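File shown: start-v7.tsv (TSV, C-alpha atoms).
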chain	number	residue	atom	x	y	z
A	95	MET	CA	-2.95	-25.51	0.60
A	96	ASP	CA	-2.70	-22.11	-1.05
A	97	GLU	CA	-4.91	-21.41	-4.01
A	98	LEU	CA	-3.65	-19.77	-7.18
A	99	PRO	CA	-5.33	-16.42	-7.85
A	100	THR	CA	-7.76	-15.99	-10.67
A	101	LEU	CA	-8.05	-12.69	-12.52
A	102	SER	CA	-11.56	-12.17	-11.18
A	103	LYS	CA	-10.30	-12.39	-7.59
A	104	GLN	CA	-7.03	-10.48	-8.09
A	105	VAL	CA	-6.15	-8.48	-4.97
A	106	TYR	CA	-3.80	-5.51	-4.94
A	107	GLY	CA	-2.48	-4.77	-1.48
A	108	PHE	CA	-0.89	-1.67	-0.06
A	109	ALA	CA	0.55	-0.86	3.32
A	110	LEU	CA	1.11	2.35	5.22
A	111	GLY	CA	4.06	2.70	7.59
A	112	SER	CA	5.10	-0.27	9.71
A	113	THR	CA	2.47	-2.61	8.21
A	114	GLY	CA	4.69	-3.03	5.14
A	115	ARG	CA	6.52	-5.80	6.99
A	116	LEU	CA	3.21	-7.69	7.17
A	117	LEU	CA	2.09	-7.05	3.59
A	118	TYR	CA	5.08	-8.81	2.06
A	119	ARG	CA	4.52	-11.89	4.25
A	120	LEU	CA	1.02	-12.47	2.87
A	121	LYS	CA	0.74	-15.43	0.51
A	122	ASN	CA	-2.76	-14.79	-0.85
A	123	ILE	CA	-2.18	-11.37	-2.40
A	124	ASP	CA	-1.21	-10.55	-5.97
A	125	CYS	CA	0.49	-7.15	-5.94
A	126	CYS	CA	2.14	-5.30	-3.04
A	127	TYR	CA	2.90	-1.59	-2.73
A	128	LEU	CA	4.20	0.55	0.13
A	129	VAL	CA	2.38	3.88	0.27
A	130	PHE	CA	3.94	7.00	1.75
A	131	PRO	CA	2.66	10.60	1.67
A	132	ASN	CA	5.00	11.36	-1.25
A	133	ASN	CA	3.83	8.48	-3.49
A	134	LEU	CA	0.10	8.34	-2.69
A	135	ASP	CA	-0.93	9.99	-5.98
A	136	LYS	CA	1.36	7.68	-7.97
A	137	TYR	CA	-0.34	4.69	-6.31
A	138	LEU	CA	-3.79	6.04	-7.17
A	139	ASP	CA	-2.66	6.54	-10.78
A	140	MET	CA	-1.45	2.92	-10.87
A	141	LEU	CA	-4.83	1.72	-9.55
A	142	LEU	CA	-6.65	3.76	-12.19
A	143	HIS	CA	-4.42	2.29	-14.89
A	144	ASP	CA	-4.56	-1.35	-13.71
A	145	GLN	CA	-8.19	-1.38	-12.49
A	146	PRO	CA	-7.69	-4.26	-10.02
A	147	PRO	CA	-10.95	-5.95	-9.01
A	148	TYR	CA	-10.01	-5.82	-5.30
A	149	ILE	CA	-7.83	-3.51	-3.21
A	150	LEU	CA	-6.69	-4.31	0.33
A	151	GLY	CA	-5.15	-1.61	2.51
A	152	LEU	CA	-3.21	-2.14	5.74
A	153	GLY	CA	-2.48	0.45	8.40
A	154	SER	CA	-1.61	0.31	12.07
A	155	TYR	CA	-3.46	1.80	14.99
A	156	SER	CA	-2.83	2.35	18.66
A	157	GLY	CA	-5.25	3.20	21.41
A	158	VAL	CA	-8.10	1.16	22.81
A	159	ASP	CA	-9.47	-2.10	21.43
A	160	GLN	CA	-6.18	-3.77	20.50
A	161	ASP	CA	-7.47	-7.35	20.56
A	162	LYS	CA	-8.75	-7.61	16.98
A	163	ILE	CA	-7.90	-6.47	13.45
A	164	HIS	CA	-10.45	-3.84	12.42
A	165	ILE	CA	-12.17	-4.16	9.05
A	166	GLU	CA	-13.11	-0.51	8.55
A	167	THR	CA	-16.58	0.27	7.20
A	168	ILE	CA	-16.51	4.08	6.88
A	169	CYS	CA	-14.10	6.83	5.94
A	170	SER	CA	-14.48	10.60	5.86
A	171	ASN	CA	-13.22	13.75	4.20
A	172	GLN	CA	-11.25	14.66	7.32
A	173	PHE	CA	-7.45	14.68	7.42
A	174	ARG	CA	-5.63	15.79	10.56
A	175	ASN	CA	-8.74	17.62	11.83
A	176	ASP	CA	-9.14	19.57	8.56
A	177	LEU	CA	-11.85	18.94	6.00
A	178	VAL	CA	-10.72	17.94	2.50
A	179	ASN	CA	-12.29	19.75	-0.49
A	180	SER	CA	-15.35	20.82	1.50
A	181	ASP	CA	-16.57	22.90	4.40
A	182	GLN	CA	-18.89	20.11	5.55
A	183	TYR	CA	-17.94	16.81	7.22
A	184	THR	CA	-18.90	13.82	5.07
A	185	GLU	CA	-18.68	10.09	5.69
A	186	VAL	CA	-18.63	7.42	3.00
A	187	GLU	CA	-19.55	3.80	3.55
A	188	MET	CA	-16.96	1.21	2.62
A	189	LYS	CA	-18.33	-2.23	1.73
A	190	PRO	CA	-15.43	-4.56	2.58
A	191	PHE	CA	-14.97	-7.71	0.50
A	192	LEU	CA	-13.23	-9.52	3.38
A	193	LYS	CA	-15.36	-11.05	6.10
A	194	PRO	CA	-14.18	-11.13	9.72
A	195	ILE	CA	-12.78	-14.34	11.10
A	196	GLU	CA	-11.55	-15.10	14.61
A	197	ALA	CA	-9.20	-12.17	15.28
A	198	MET	CA	-11.11	-9.62	13.15
A	199	LYS	CA	-14.17	-7.44	13.49
A	200	TYR	CA	-16.01	-4.70	11.62
A	201	ALA	CA	-15.24	-1.19	12.88
A	202	LYS	CA	-15.99	2.49	12.31
A	203	ALA	CA	-12.79	3.89	13.77
A	204	ILE	CA	-10.56	4.81	10.85
A	205	GLY	CA	-9.78	8.24	12.35
A	206	ASN	CA	-8.36	11.17	10.40
A	207	SER	CA	-4.82	10.09	9.54
A	208	TYR	CA	-3.25	8.79	6.33
A	209	CYS	CA	-5.32	5.59	6.67
A	210	ASN	CA	-8.46	7.67	6.33
A	211	GLN	CA	-7.00	9.96	3.66
A	212	ILE	CA	-6.10	7.16	1.24
A	213	SER	CA	-9.39	5.37	1.95
A	214	TRP	CA	-11.30	8.58	1.21
A	215	LYS	CA	-9.45	9.06	-2.09
A	216	ILE	CA	-9.94	5.43	-3.17
A	217	MET	CA	-13.64	5.47	-2.25
A	218	LYS	CA	-14.09	8.76	-4.11
A	219	LEU	CA	-12.66	7.16	-7.27
A	220	ILE	CA	-14.84	4.08	-6.79
A	221	ASN	CA	-18.00	6.12	-6.21
A	222	GLN	CA	-17.25	8.24	-9.29
A	223	VAL	CA	-16.87	4.95	-11.23
A	224	GLU	CA	-13.36	5.93	-12.30
A	225	LEU	CA	-12.01	2.95	-10.36
A	226	ARG	CA	-13.97	-0.27	-10.80
A	227	SER	CA	-12.74	-2.02	-7.67
A	228	GLN	CA	-13.96	-3.19	-4.31
A	229	TYR	CA	-12.00	-1.97	-1.30
A	230	THR	CA	-11.21	-3.23	2.19
A	231	PHE	CA	-9.04	-1.44	4.74
A	232	LEU	CA	-7.61	-3.33	7.71
A	233	HIS	CA	-6.43	-1.50	10.79
A	234	ILE	CA	-3.80	-3.63	12.51
A	235	PRO	CA	-3.32	-3.23	16.30
A	236	LYS	CA	0.24	-2.18	17.12
A	237	THR	CA	0.30	-4.64	20.03
A	238	MET	CA	-0.78	-7.69	17.98
A	239	LYS	CA	2.00	-10.09	17.01
A	240	PRO	CA	2.90	-10.69	13.34
A	241	TRP	CA	2.62	-14.48	13.75
A	242	ILE	CA	-1.06	-13.95	14.60
A	243	ILE	CA	-1.78	-11.20	12.05
A	244	VAL	CA	-0.34	-12.73	8.87
A	245	PRO	CA	-2.11	-16.14	9.07
A	246	GLU	CA	-5.35	-14.38	10.02
A	247	ILE	CA	-5.30	-12.07	6.98
A	248	ASP	CA	-4.15	-14.91	4.71
A	249	GLN	CA	-7.05	-17.08	5.90
A	250	ALA	CA	-9.55	-14.25	5.35
A	251	LEU	CA	-8.16	-13.78	1.81
A	252	LEU	CA	-8.31	-17.52	1.14
A	253	ASN	CA	-11.92	-17.66	2.37
A	254	PHE	CA	-12.75	-14.74	0.07
A	255	ARG	CA	-11.13	-16.40	-2.96
A	256	LYS	CA	-13.06	-19.65	-2.40
A	257	PHE	CA	-16.47	-18.02	-2.83

If you convert what's in this file into structure tokens, what do you get?
Amino acid sequence: MDELPTLSKQVYGFALGSTGRLLYRLKNIDCCYLVFPNNLDKYLDMLLHDQPPYILGLGSYSGVDQDKIHIETICSNQFRNDLVNSDQYTEVEMKPFLKPIEAMKYAKAIGNSYCNQISWKIMKLINQVELRSQYTFLHIPKTMKPWIIVPEIDQALLNFRKF
């Protein structure tokens, strides 16, 4: 049975690209937003205004290791092989609030695409204490089926809300 959200466990979710179709199927999320390159700053402004306790990002990935959803644990100041606002590569640790269940695992493979760019910007706001949220980013394998992904994320969210 689904649990009603409490304000202390309110989760804002966003999706990049094709993962939007998954985001809106989730039952255990409170606010959904599709992020594109042209509305990224508007989304960050909304987060700063609303100050949600928890933020969940979804993005897809291809390549090796397509058997599990990745719960990313680091992001960097790299976007498309260029460094952002620095001449030195920097990584930031992300402390995910979701714990892996059967089809999930922790990973350090966020790359240097939009998934990394938005994670970097969110973590920068969190670390500067402008955004008082906890953040989790899930990389969804392109080959994994939606009927596996959605219940898996919903269960992880339900587990999180119970404790």

Straight-line distance linking atom CA of Gln172 of chain A with atom CA of Gln211 of chain A, stated in Å to one decimal: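 Separation between atom CA of Gln172 of chain A and atom CA of Gln211 of chain A: 7.3 Å.
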
The residue from A:Asn210, A:Leu128, A:Lys189, A:Arg255 with the smallest atom-to-atom distance to Leu116 of chain A, counting all atoms listed in the file, is A:Leu128

Counting all atoms listed in the file, closest pick from A:Phe231, A:Phe173, A:Phe191, A:Trp214 relative to Ala109 of chain A is A:Phe231

Scan for residues within 7 Å of the point (-8.3, -0.2, 4.9) in the coordinates of the file, using all atoms listed in the file, and reply as a VMD selection string. chain A and resid 150 to 153 165 to 166 209 213 230 to 233

Could you write those residues out with C-alpha atoms, as a PDB file, in the frame of the given file?
ATOM      1  CA  LEU A 150      -6.690  -4.310   0.330  1.00  0.00           C
ATOM      2  CA  GLY A 151      -5.150  -1.610   2.510  1.00  0.00           C
ATOM      3  CA  LEU A 152      -3.210  -2.140   5.740  1.00  0.00           C
ATOM      4  CA  GLY A 153      -2.480   0.450   8.400  1.00  0.00           C
ATOM      5  CA  ILE A 165     -12.170  -4.160   9.050  1.00  0.00           C
ATOM      6  CA  GLU A 166     -13.110  -0.510   8.550  1.00  0.00           C
ATOM      7  CA  CYS A 209      -5.320   5.590   6.670  1.00  0.00           C
ATOM      8  CA  SER A 213      -9.390   5.370   1.950  1.00  0.00           C
ATOM      9  CA  THR A 230     -11.210  -3.230   2.190  1.00  0.00           C
ATOM     10  CA  PHE A 231      -9.040  -1.440   4.740  1.00  0.00           C
ATOM     11  CA  LEU A 232      -7.610  -3.330   7.710  1.00  0.00           C
ATOM     12  CA  HIS A 233      -6.430  -1.500  10.790  1.00  0.00           C
TER      13      HIS A 233
END

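Using all atoms listed in the file, the protein and nucleic acid residues lying no more than 9 Å from Met238 of chain A, apart from those fewer than 6 places from it along its own chain, are A:Gln160, A:Asp161, A:Lys162, A:Ile163.
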
Would you output that residue set with C-alpha atoms, as a compact mmCIF listing (two decimals), in the coordinates of the input?
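Full text of result08.txt as output:
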# COMPACT_ATOMS: atom_id res chain seq x y z
CA GLN A 160 -6.18 -3.77 20.50
CA ASP A 161 -7.47 -7.35 20.56
CA LYS A 162 -8.75 -7.61 16.98
CA ILE A 163 -7.90 -6.47 13.45

Review point. In Å, with one decimal, what is the gap from atom CA of Lys121 of chain A to atom CA of Asp144 of chain A?
Key: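 Distance between the two atoms: 20.7 Å.
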
* Contacts of Gly157 of chain A at 9 Å or less, counting all atoms listed in the file, minus same-chain residues fewer than 2 places along, as a ChimeraX atom specification? -> /A:155,159-160,235-236

_Please list as a VMD selection string every residue within 7 Å of segment 180-185 of chain A, counting all atoms listed in the file and excluding residues in the same chain fewer than 5 positions away._
chain A and resid 168 to 171

- Query: Can you tell me, as an MDAnalysis selection string, which residues sit within 12 Å of (-4.9, -15.5, 8.4) in the file's frame, using all atoms listed in the file?
  - Reply: chainID A and resid 96 116:117 119:123 163 192:198 240:254

Expected file contents, prior selection, C-alpha atoms, as a tab-separated table (two decimals), in the coordinates of the input:
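Ended up saving to selection-v2.tsv:
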chain	number	residue	atom	x	y	z
A	96	ASP	CA	-2.70	-22.11	-1.05
A	116	LEU	CA	3.21	-7.69	7.17
A	117	LEU	CA	2.09	-7.05	3.59
A	119	ARG	CA	4.52	-11.89	4.25
A	120	LEU	CA	1.02	-12.47	2.87
A	121	LYS	CA	0.74	-15.43	0.51
A	122	ASN	CA	-2.76	-14.79	-0.85
A	123	ILE	CA	-2.18	-11.37	-2.40
A	163	ILE	CA	-7.90	-6.47	13.45
A	192	LEU	CA	-13.23	-9.52	3.38
A	193	LYS	CA	-15.36	-11.05	6.10
A	194	PRO	CA	-14.18	-11.13	9.72
A	195	ILE	CA	-12.78	-14.34	11.10
A	196	GLU	CA	-11.55	-15.10	14.61
A	197	ALA	CA	-9.20	-12.17	15.28
A	198	MET	CA	-11.11	-9.62	13.15
A	240	PRO	CA	2.90	-10.69	13.34
A	241	TRP	CA	2.62	-14.48	13.75
A	242	ILE	CA	-1.06	-13.95	14.60
A	243	ILE	CA	-1.78	-11.20	12.05
A	244	VAL	CA	-0.34	-12.73	8.87
A	245	PRO	CA	-2.11	-16.14	9.07
A	246	GLU	CA	-5.35	-14.38	10.02
A	247	ILE	CA	-5.30	-12.07	6.98
A	248	ASP	CA	-4.15	-14.91	4.71
A	249	GLN	CA	-7.05	-17.08	5.90
A	250	ALA	CA	-9.55	-14.25	5.35
A	251	LEU	CA	-8.16	-13.78	1.81
A	252	LEU	CA	-8.31	-17.52	1.14
A	253	ASN	CA	-11.92	-17.66	2.37
A	254	PHE	CA	-12.75	-14.74	0.07

Among A:Cys126, A:Leu134, A:Ser207, A:Pro147, Gln104 of chain A is approached most closely, using only C-alpha atoms, by A:Pro147

Nearest-residue call for Asp124 of chain A, choices A:His143, A:Ile149, A:Leu225, A:Asp176, using all atoms listed in the file:
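Counting all atoms listed in the file, the residue closest to Asp124 of chain A is A:Ile149.
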
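Rounded to one decimal, atom CA of His164 of chain A and atom CA of Ile216 of chain A lie 18.1 Å from each other.
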